[in-house]
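Enquirer: Supplied in structure tokens, the structure appears directly below.
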Amino acid sequence: MITMRKFFFAVGHKTLSAINQMGAMTIMLISAFSWAFIPPLRIRNVFKQMEFVGVKSIFIVSLTGLFTGGVLAFQGYYGFRKFGGESLLGATVALSMTRELGPVLTALMVTARAGSAIAAELGTMRVTEQIDALAVMAINPVKYLVVPRIIAGILVLPVLTVIADFIGIVGGYMVGVGLLKINPGIFIAKMIDLVELSDIFNGLFKSVCFGLLLTLIGCYKGYHATGGAEGVGRAITEAVVISSISILVGDYILTSLLF
Amino acid sequence: MIKLVDLHKSFDGLKVLDGINLEIKKGEITVIIGGSGCGKSVLLKHIIGLIRPDSGHVFVDDIDITELKEKDLDKIRRRFGMLFQSAALFDSMTVGENVGFPLAEHTDLSKREIAEIVAGKLADVGLSGIEDKYPAELSGGMKKRVGLARAIAMDPEIILFDEPTTGLDPIMTTVIDELILDIQRRLHLTCVANSHDIQSTFKIANKIGMLYKGKIVEEGDPEVFRNSRNPIVQGFLKGIPEDQIIES
């Protein structure tokens with residue numbers, strides 16, 4: 001009986017804490033949104049964050065796209081060969097990349113690289129009182145630290161996704177045409193025939209949502225870090241885990257709504 | 001100038017401030033003393049609105065800052081400077097950028113004018129010519145002095161010092177104490193510091209308040225403290241552990 005009570009207490013506590021955090025994150029998002037339009041706009045800070053979140057993620061996102069496209073081609077070929085549908089390989093790789101794997105894998109890679117770094121930077125600033133110092137100098141920390149990161153996330157994730165989509169298709173082409181000897185004309189023609197612009201745009205819409213999610217969660221966790229170095233470590237872990245789960249759950253919800 | 005009225009604050013059910021009443025006069029150095037973890041920093045952060053009280057009021061020139069919205073609070077904060085315990089310098093900026101940061105954010109001064117002011121403020125704290133160094137290259141005492149230069153960059157009326165001499169060697173402690181006295185006299189500042197360094201406190205304070213279990217248990221000038229018959233105050237001044245105070 002006591003064990004059951006403890007179990008329900010723990011579940012209730014976790015649920016309340018999760019709801020509490022979601023509420024606090026929503027408040028941070030509303031606050032960031034309202035500060036985003038109040039001058040000074042700090043465009044330089046936004047560009048700096050775009051470079052950090054976007055430009056410095058290009059290599060890792062490209063690598064992910066290349067190998068994902070290649071694997072898709074191998075796996076697709078194995079399935080299609082069973083009923084003579086190898087000609088659909090190009091379209092399958094392209095549809096998988098643009099609709100699903102491009103936005104999701106890009107967001108997960110950026111979470112690992114930049115989301116964690118955002119939580120670490122803001123967490124360190126919190127525990128060393130640098131965020132308090134900003135507030136004391138009458139500089140709103142949400143405006144100065146959170147707004148540029150969220151704007152950067154929203155702007156660069158679609159660009160990174162386009163890169164991942166393109167390089168993924170190139171990877172699929174290299175494996176399909178180069179190794180598996182599929183006719184290049186058929187590979188390209190079927191892809192152009194079956195992939196619609198809406199597939200690409202819906203994938204990009206997903207990436208905008210993921211960009212917002214991963215930067216907001218990274219900022220929130222870092223901003224509210226407590227307890228010195230250990231607290232910063234915990235904030236980073238939570239930021240990566242919660243962002244990754246949110247991206248996967250959000251992907252399911254968006255897919256069911258968009259497609 | 002600053003008045004704390006019946007200030008209460010708890011964290012996770014733990015009462016940290018339990019009805020604080022304190023008046024801080026213009027142009028004086030007021031030092032809040034008390035043991036580690038007794039809530040001195042929490043009290044200081046209430047004065048500048050970094051923490052909102054559960055109940056009670058903080059008046060700055062008759063304006064109750066606990067009632068203010070963030071934007072109005074920012075106007076009051078521009079009258080303050082604060083030196084944090086860890087100096088809280090921005091790691092990603094040079095010393096020059098740190099000191100000039102509030103000027104760059106709040107004024108229309110040119111880069112050259114800001115650089116001149118920064119050089120002047122660094123000279124005030126005895127650290128000329130280190131504008132291009134990063135905080136990681138500085139010693140603890142230098143960081144505190146740069147923090148102080150940043151705190152006075154906007155020529156504030158009030159400066160808050162959170163444990164200004166904690167973690168410093170005796171010589172650097174003297175340097176910081178003298179800097180506080182010098183800057184206070186030259187700029188006619190109102191200063192509020194918290195400390196558990198008794199020697200330092202007696203050297204710089206015009207008024208002392210002792211915080212114990214969430215309350216101000218004694219307040220007055222250094223003489224009042226030296227002659228206090230309060231066993232808590234005497235125990236703290238003589239470094240006697242709490243559980244031995246009553247026995248002694």
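Going by the structure tokens order, chains are called A, B, ..., each with residues numbered from 1, while ligands are numbered from 1 in the order shown.
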Give me, as a PDB file with N, CA and C atoms, in the first residue's frame, all polymer residues having an atom no more than 10 Å from Val42 in chain B, counting only C-alpha atoms and skipping those fewer than 2 positions away in the same chain.
Expert:
```pdb
ATOM      1  N   LYS B   9      10.544  36.778   3.017  1.00  0.00           N
ATOM      2  CA  LYS B   9      10.834  35.956   1.838  1.00  0.00           C
ATOM      3  C   LYS B   9      11.151  34.532   2.272  1.00  0.00           C
ATOM      4  N   VAL B  16      13.696  32.889   4.868  1.00  0.00           N
ATOM      5  CA  VAL B  16      15.020  33.519   4.802  1.00  0.00           C
ATOM      6  C   VAL B  16      14.971  34.937   5.380  1.00  0.00           C
ATOM      7  N   LEU B  17      13.951  35.688   5.025  1.00  0.00           N
ATOM      8  CA  LEU B  17      13.755  37.020   5.598  1.00  0.00           C
ATOM      9  C   LEU B  17      12.423  37.012   6.342  1.00  0.00           C
ATOM     10  N   GLY B  37      25.122  32.158   4.570  1.00  0.00           N
ATOM     11  CA  GLY B  37      23.826  31.535   4.302  1.00  0.00           C
ATOM     12  C   GLY B  37      22.680  32.100   5.123  1.00  0.00           C
ATOM     13  N   CYS B  38      22.887  33.264   5.768  1.00  0.00           N
ATOM     14  CA  CYS B  38      21.802  33.805   6.605  1.00  0.00           C
ATOM     15  C   CYS B  38      20.836  34.673   5.793  1.00  0.00           C
ATOM     16  N   GLY B  39      21.155  34.929   4.522  1.00  0.00           N
ATOM     17  CA  GLY B  39      20.210  35.686   3.687  1.00  0.00           C
ATOM     18  C   GLY B  39      20.662  37.086   3.328  1.00  0.00           C
ATOM     19  N   LYS B  40      21.961  37.374   3.538  1.00  0.00           N
ATOM     20  CA  LYS B  40      22.457  38.735   3.248  1.00  0.00           C
ATOM     21  C   LYS B  40      22.329  39.057   1.749  1.00  0.00           C
ATOM     22  N   LEU B  44      20.104  41.909  -0.192  1.00  0.00           N
ATOM     23  CA  LEU B  44      20.682  42.875  -1.135  1.00  0.00           C
ATOM     24  C   LEU B  44      19.948  42.837  -2.482  1.00  0.00           C
ATOM     25  N   LYS B  45      19.616  41.609  -2.910  1.00  0.00           N
ATOM     26  CA  LYS B  45      18.942  41.471  -4.210  1.00  0.00           C
ATOM     27  C   LYS B  45      17.512  42.009  -4.165  1.00  0.00           C
ATOM     28  N   HIS B  46      16.908  42.069  -2.974  1.00  0.00           N
ATOM     29  CA  HIS B  46      15.595  42.700  -2.849  1.00  0.00           C
ATOM     30  C   HIS B  46      15.691  44.209  -3.078  1.00  0.00           C
ATOM     31  N   ILE B  47      16.819  44.784  -2.645  1.00  0.00           N
ATOM     32  CA  ILE B  47      16.963  46.245  -2.743  1.00  0.00           C
ATOM     33  C   ILE B  47      16.976  46.702  -4.202  1.00  0.00           C
ATOM     34  N   LEU B  50      15.966  42.311  -7.846  1.00  0.00           N
ATOM     35  CA  LEU B  50      16.304  41.039  -8.506  1.00  0.00           C
ATOM     36  C   LEU B  50      15.452  39.914  -7.933  1.00  0.00           C
ATOM     37  N   ILE B  51      15.044  40.074  -6.681  1.00  0.00           N
ATOM     38  CA  ILE B  51      14.135  39.119  -6.039  1.00  0.00           C
ATOM     39  C   ILE B  51      12.949  39.933  -5.519  1.00  0.00           C
ATOM     40  N   ARG B  52      11.755  39.414  -5.759  1.00  0.00           N
ATOM     41  CA  ARG B  52      10.555  40.084  -5.236  1.00  0.00           C
ATOM     42  C   ARG B  52      10.185  39.449  -3.896  1.00  0.00           C
ATOM     43  N   PRO B  53       9.788  40.266  -2.916  1.00  0.00           N
ATOM     44  CA  PRO B  53       9.450  39.687  -1.607  1.00  0.00           C
ATOM     45  C   PRO B  53       8.093  38.978  -1.613  1.00  0.00           C
ATOM     46  N   ASP B 162      28.118  42.984  -2.897  1.00  0.00           N
ATOM     47  CA  ASP B 162      27.803  41.664  -2.351  1.00  0.00           C
ATOM     48  C   ASP B 162      29.118  40.980  -1.973  1.00  0.00           C
TER      49      ASP B 162
END
```
Enquirer: Would you tabulate, counting only C-alpha atoms, all residues of chain B that have an atom at most 10 Å from an atom of chain A, showing the closest pair of atoms and their distance in Å to one decimal, sorted by chain then ascending number, as CSV?
Expert:
```
residue,atom,partner,partner_atom,distance
B:Lys45,CA,A:Asp132,CA,9.2
B:Ile48,CA,A:Val136,CA,7.1
B:Gly49,CA,A:Val136,CA,8.5
B:Leu50,CA,A:Asp132,CA,7.1
B:Glu70,CA,A:Asn140,CA,8.5
B:Lys71,CA,A:Ala138,CA,8.5
B:Asp72,CA,A:Ala138,CA,9.8
B:Leu73,CA,A:Ala138,CA,8.1
B:Asp74,CA,A:Ala138,CA,4.6
B:Lys75,CA,A:Ala138,CA,7.3
B:Ile76,CA,A:Ala138,CA,8.5
B:Arg77,CA,A:Ala138,CA,5.8
B:Arg78,CA,A:Ala138,CA,6.2
B:Arg79,CA,A:Met137,CA,9.3
B:Phe80,CA,A:Val136,CA,7.5
B:Gly81,CA,A:Val136,CA,7.1
B:Met82,CA,A:Val136,CA,7.0
B:Leu83,CA,A:Ala133,CA,8.6
B:Phe84,CA,A:Glu129,CA,7.4
B:Gln85,CA,A:Glu129,CA,8.6
B:Ser86,CA,A:Thr128,CA,6.6
B:Ala87,CA,A:Glu129,CA,8.2
B:Ala88,CA,A:Gln130,CA,4.8
B:Leu89,CA,A:Gln130,CA,6.5
B:Phe90,CA,A:Gln130,CA,6.4
B:Asp91,CA,A:Met125,CA,8.7
B:Phe101,CA,A:Met137,CA,8.9
B:Pro102,CA,A:Met137,CA,6.2
B:Leu103,CA,A:Met137,CA,9.7
B:Glu105,CA,A:Ile139,CA,7.9
B:His106,CA,A:Ala138,CA,8.7
B:Gly147,CA,A:Ala133,CA,9.9
B:Arg150,CA,A:Met137,CA,9.6
B:Ala151,CA,A:Met137,CA,8.5
B:Met154,CA,A:Met137,CA,9.2
```
Enquirer: I need the residue nearest Ile200 in chain A from this list: A:Pro148, A:Pro158, A:Gly178, A:Gly250. Use only C-alpha atoms for the distance.
Expert: A:Pro158
Enquirer: Skip Arg145 in chain B itself and residues of its chain fewer than 6 positions away, then list as a ChimeraX atom specification all residues within 9 Å of it, counting only C-alpha atoms.
Expert: /B:83,87,122,125-127,176,179
Enquirer: Report as a list of chain:residue names all protein, DNA and RNA residues lying within 9 Å of range 181-191 of chain B, evaluated on only C-alpha atoms, omitting residues in the same chain fewer than 4 positions from it.
Expert: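 Listing them by chain and then by number gives B:Met1, B:Ile24, B:Lys25, B:Lys26, B:Gly27, B:Glu28, B:Ile29, B:Thr30, B:Val31, B:Asp124, B:Val125, B:Ile152, B:Asp155, B:Pro156, B:Glu157, B:Ile158, B:Ile159, B:Leu160, B:Phe161, B:Ile176, B:Asp177, B:Lys203, B:Ile204.
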Enquirer: Those same residues - N, CA and C atoms - I'd like them written as a PDB file, in the first residue's frame.
Expert:
```
ATOM      1  N   MET B   1      16.889  57.202   2.252  1.00  0.00           N
ATOM      2  CA  MET B   1      16.930  57.016   0.797  1.00  0.00           C
ATOM      3  C   MET B   1      16.348  55.650   0.397  1.00  0.00           C
ATOM      4  N   ILE B  24      18.289  52.932   5.099  1.00  0.00           N
ATOM      5  CA  ILE B  24      19.642  53.195   4.599  1.00  0.00           C
ATOM      6  C   ILE B  24      19.698  54.673   4.207  1.00  0.00           C
ATOM      7  N   LYS B  25      20.603  55.390   4.860  1.00  0.00           N
ATOM      8  CA  LYS B  25      20.632  56.837   4.643  1.00  0.00           C
ATOM      9  C   LYS B  25      21.517  57.225   3.466  1.00  0.00           C
ATOM     10  N   LYS B  26      21.147  58.332   2.834  1.00  0.00           N
ATOM     11  CA  LYS B  26      21.878  58.848   1.676  1.00  0.00           C
ATOM     12  C   LYS B  26      23.307  59.229   2.076  1.00  0.00           C
ATOM     13  N   GLY B  27      24.263  58.872   1.221  1.00  0.00           N
ATOM     14  CA  GLY B  27      25.646  59.274   1.431  1.00  0.00           C
ATOM     15  C   GLY B  27      26.378  58.504   2.513  1.00  0.00           C
ATOM     16  N   GLU B  28      25.774  57.422   2.986  1.00  0.00           N
ATOM     17  CA  GLU B  28      26.435  56.611   4.024  1.00  0.00           C
ATOM     18  C   GLU B  28      26.785  55.229   3.490  1.00  0.00           C
ATOM     19  N   ILE B  29      27.694  54.574   4.209  1.00  0.00           N
ATOM     20  CA  ILE B  29      27.979  53.169   3.891  1.00  0.00           C
ATOM     21  C   ILE B  29      27.306  52.311   4.960  1.00  0.00           C
ATOM     22  N   THR B  30      26.333  51.534   4.532  1.00  0.00           N
ATOM     23  CA  THR B  30      25.634  50.639   5.452  1.00  0.00           C
ATOM     24  C   THR B  30      26.090  49.216   5.162  1.00  0.00           C
ATOM     25  N   VAL B  31      26.487  48.517   6.186  1.00  0.00           N
ATOM     26  CA  VAL B  31      26.952  47.132   5.982  1.00  0.00           C
ATOM     27  C   VAL B  31      26.031  46.173   6.728  1.00  0.00           C
ATOM     28  N   ASP B 124      40.423  54.806 -11.896  1.00  0.00           N
ATOM     29  CA  ASP B 124      39.831  55.001 -10.563  1.00  0.00           C
ATOM     30  C   ASP B 124      40.042  53.794  -9.654  1.00  0.00           C
ATOM     31  N   VAL B 125      40.031  52.606 -10.261  1.00  0.00           N
ATOM     32  CA  VAL B 125      40.208  51.396  -9.442  1.00  0.00           C
ATOM     33  C   VAL B 125      41.655  50.869  -9.516  1.00  0.00           C
ATOM     34  N   ILE B 152      30.533  51.554 -11.428  1.00  0.00           N
ATOM     35  CA  ILE B 152      30.504  53.030 -11.365  1.00  0.00           C
ATOM     36  C   ILE B 152      30.519  53.672 -12.756  1.00  0.00           C
ATOM     37  N   ASP B 155      27.992  56.320 -13.435  1.00  0.00           N
ATOM     38  CA  ASP B 155      27.920  57.300 -12.337  1.00  0.00           C
ATOM     39  C   ASP B 155      26.643  57.138 -11.505  1.00  0.00           C
ATOM     40  N   PRO B 156      26.478  55.981 -10.871  1.00  0.00           N
ATOM     41  CA  PRO B 156      25.243  55.744 -10.109  1.00  0.00           C
ATOM     42  C   PRO B 156      25.221  56.536  -8.803  1.00  0.00           C
ATOM     43  N   GLU B 157      24.015  56.590  -8.200  1.00  0.00           N
ATOM     44  CA  GLU B 157      23.894  57.256  -6.892  1.00  0.00           C
ATOM     45  C   GLU B 157      24.093  56.252  -5.766  1.00  0.00           C
ATOM     46  N   ILE B 158      23.742  54.992  -6.065  1.00  0.00           N
ATOM     47  CA  ILE B 158      23.781  53.953  -5.028  1.00  0.00           C
ATOM     48  C   ILE B 158      24.593  52.770  -5.553  1.00  0.00           C
ATOM     49  N   ILE B 159      25.463  52.237  -4.710  1.00  0.00           N
ATOM     50  CA  ILE B 159      26.184  51.015  -5.114  1.00  0.00           C
ATOM     51  C   ILE B 159      25.952  49.929  -4.084  1.00  0.00           C
ATOM     52  N   LEU B 160      25.669  48.743  -4.576  1.00  0.00           N
ATOM     53  CA  LEU B 160      25.508  47.585  -3.703  1.00  0.00           C
ATOM     54  C   LEU B 160      26.739  46.704  -3.843  1.00  0.00           C
ATOM     55  N   PHE B 161      27.260  46.258  -2.727  1.00  0.00           N
ATOM     56  CA  PHE B 161      28.449  45.380  -2.736  1.00  0.00           C
ATOM     57  C   PHE B 161      28.058  44.049  -2.104  1.00  0.00           C
ATOM     58  N   ILE B 176      40.587  46.812  -1.509  1.00  0.00           N
ATOM     59  CA  ILE B 176      39.162  46.962  -1.871  1.00  0.00           C
ATOM     60  C   ILE B 176      38.456  47.875  -0.868  1.00  0.00           C
ATOM     61  N   ASP B 177      38.742  47.688   0.428  1.00  0.00           N
ATOM     62  CA  ASP B 177      38.130  48.556   1.452  1.00  0.00           C
ATOM     63  C   ASP B 177      38.437  50.017   1.173  1.00  0.00           C
ATOM     64  N   LYS B 203      35.905  49.025   9.379  1.00  0.00           N
ATOM     65  CA  LYS B 203      36.721  50.018   8.682  1.00  0.00           C
ATOM     66  C   LYS B 203      35.877  50.928   7.787  1.00  0.00           C
ATOM     67  N   ILE B 204      34.889  50.327   7.112  1.00  0.00           N
ATOM     68  CA  ILE B 204      34.184  51.120   6.088  1.00  0.00           C
ATOM     69  C   ILE B 204      32.795  51.610   6.502  1.00  0.00           C
TER      70      ILE B 204
END
```
Enquirer: Range 173-259 of chain A: which residues are alpha helix (DSSP H) by DSSP, as a PyMOL selection string?
Expert: chain A and resi 173+184-194+197-223+228-258
Enquirer: From a backbone DSSP assignment, name each residue in range 36-236 of chain B labelled strand (DSSP E), as a count of residues only.
Expert: 35
Enquirer: Distance CA of Ile27 in chain A-CA of Leu216 in chain A, one decimal place?
Expert: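 Value for the CA of Ile27 in chain A-CA of Leu216 in chain A distance: 10.9 Å.
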Enquirer: Env of Ile150 in chain A: 8 Å cut, atoms = only C-alpha atoms, seq-sep filter 5 positions within chain, self excluded. Answer as a PyMOL selection string.
Expert: chain A and resi 211-212+215-216
Enquirer: Residues within 10 Å of range 230-241 of chain B, please, as an MDAnalysis selection string. Count only C-alpha atoms; anything in the same chain fewer than 3 positions from it doesn't count.
Expert: chainID B and resid 33:35 196:199 210:212 217:218 225:227 244:246 248
Enquirer: For the selection you just gave me, I'd like the residues written to a file as a CSV table (one decimal), in the first residue's frame, keeping N, CA and C atoms.
Expert:
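As a result, part_29.csv now contains:
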```
chain,number,residue,atom,x,y,z
B,33,ILE,N,25.8,42.6,8.2
B,33,ILE,CA,26.6,41.5,8.6
B,33,ILE,C,25.8,40.3,9.0
B,34,GLY,N,26.4,39.1,9.0
B,34,GLY,CA,25.7,37.9,9.4
B,34,GLY,C,26.5,36.7,8.9
B,35,GLY,N,26.1,35.6,9.5
B,35,GLY,CA,26.8,34.3,9.1
B,35,GLY,C,26.6,33.9,7.6
B,196,HIS,N,30.8,39.2,5.9
B,196,HIS,CA,31.0,38.6,7.2
B,196,HIS,C,32.4,38.9,7.7
B,197,ASP,N,33.1,39.8,7.1
B,197,ASP,CA,34.4,40.2,7.4
B,197,ASP,C,34.3,41.4,8.4
B,198,ILE,N,34.5,41.1,9.7
B,198,ILE,CA,34.3,42.1,10.8
B,198,ILE,C,35.3,43.3,10.7
B,199,GLN,N,36.6,43.0,10.4
B,199,GLN,CA,37.6,44.1,10.4
B,199,GLN,C,37.2,45.0,9.3
B,210,MET,N,22.8,43.8,11.8
B,210,MET,CA,23.1,42.3,11.8
B,210,MET,C,21.9,41.5,11.5
B,211,LEU,N,22.1,40.6,10.5
B,211,LEU,CA,21.0,39.7,10.1
B,211,LEU,C,21.2,38.4,10.8
B,212,TYR,N,20.1,37.9,11.5
B,212,TYR,CA,20.2,36.6,12.1
B,212,TYR,C,18.8,36.0,12.1
B,217,VAL,N,18.8,41.9,14.1
B,217,VAL,CA,18.8,41.7,15.5
B,217,VAL,C,19.5,42.9,16.2
B,218,GLU,N,20.3,43.7,15.4
B,218,GLU,CA,21.0,44.8,16.0
B,218,GLU,C,21.3,45.8,14.9
B,225,PHE,N,27.9,48.5,17.9
B,225,PHE,CA,28.1,47.1,17.8
B,225,PHE,C,29.2,46.6,18.7
B,226,ARG,N,30.3,47.4,18.8
B,226,ARG,CA,31.4,47.0,19.7
B,226,ARG,C,30.9,46.9,21.1
B,227,ASN,N,30.0,47.8,21.5
B,227,ASN,CA,29.5,47.8,22.9
B,227,ASN,C,28.2,47.0,23.1
B,244,GLN,N,27.5,27.6,21.2
B,244,GLN,CA,28.3,27.9,22.4
B,244,GLN,C,28.0,29.3,23.0
B,245,ILE,N,27.2,30.0,22.2
B,245,ILE,CA,26.9,31.4,22.6
B,245,ILE,C,26.3,31.5,24.0
B,246,ILE,N,25.2,30.8,24.2
B,246,ILE,CA,24.5,30.9,25.4
B,246,ILE,C,25.3,30.4,26.6
B,248,SER,N,28.6,30.5,26.8
B,248,SER,CA,29.6,31.4,27.2
B,248,SER,C,29.0,32.7,27.8
```
Enquirer: Would you pick out the contacts of Ala225 in chain A at 7 Å or less, using only C-alpha atoms, so that residues sharing its chain but fewer than 4 positions from it are not included, and give the list as a list in words?
Expert: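 Returned residues: Gly123, Arg126, Val127, Lys221, Gly231, Val232 and Ala235 of chain A.
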Enquirer: Write a file of the just-selected residues containing N, CA and C atoms, as a PDB file, in the first residue's frame.
Expert:
```pdb
ATOM      1  N   GLY A 123      23.420  28.700 -18.629  1.00  0.00           N
ATOM      2  CA  GLY A 123      23.523  28.114 -17.288  1.00  0.00           C
ATOM      3  C   GLY A 123      24.732  28.651 -16.544  1.00  0.00           C
ATOM      4  N   ARG A 126      24.082  32.104 -15.533  1.00  0.00           N
ATOM      5  CA  ARG A 126      23.166  32.174 -14.389  1.00  0.00           C
ATOM      6  C   ARG A 126      23.907  31.923 -13.080  1.00  0.00           C
ATOM      7  N   VAL A 127      24.696  30.824 -13.027  1.00  0.00           N
ATOM      8  CA  VAL A 127      25.309  30.477 -11.738  1.00  0.00           C
ATOM      9  C   VAL A 127      26.480  31.402 -11.375  1.00  0.00           C
ATOM     10  N   LYS A 221      16.247  26.051 -19.962  1.00  0.00           N
ATOM     11  CA  LYS A 221      16.987  25.208 -19.015  1.00  0.00           C
ATOM     12  C   LYS A 221      18.241  25.923 -18.496  1.00  0.00           C
ATOM     13  N   GLY A 231      24.707  21.799 -11.439  1.00  0.00           N
ATOM     14  CA  GLY A 231      23.418  22.301 -11.930  1.00  0.00           C
ATOM     15  C   GLY A 231      23.471  22.617 -13.419  1.00  0.00           C
ATOM     16  N   VAL A 232      24.611  23.161 -13.874  1.00  0.00           N
ATOM     17  CA  VAL A 232      24.758  23.471 -15.302  1.00  0.00           C
ATOM     18  C   VAL A 232      24.761  22.166 -16.108  1.00  0.00           C
ATOM     19  N   ALA A 235      21.325  20.928 -16.349  1.00  0.00           N
ATOM     20  CA  ALA A 235      20.545  21.759 -17.294  1.00  0.00           C
ATOM     21  C   ALA A 235      20.827  21.334 -18.734  1.00  0.00           C
TER      22      ALA A 235
END
```
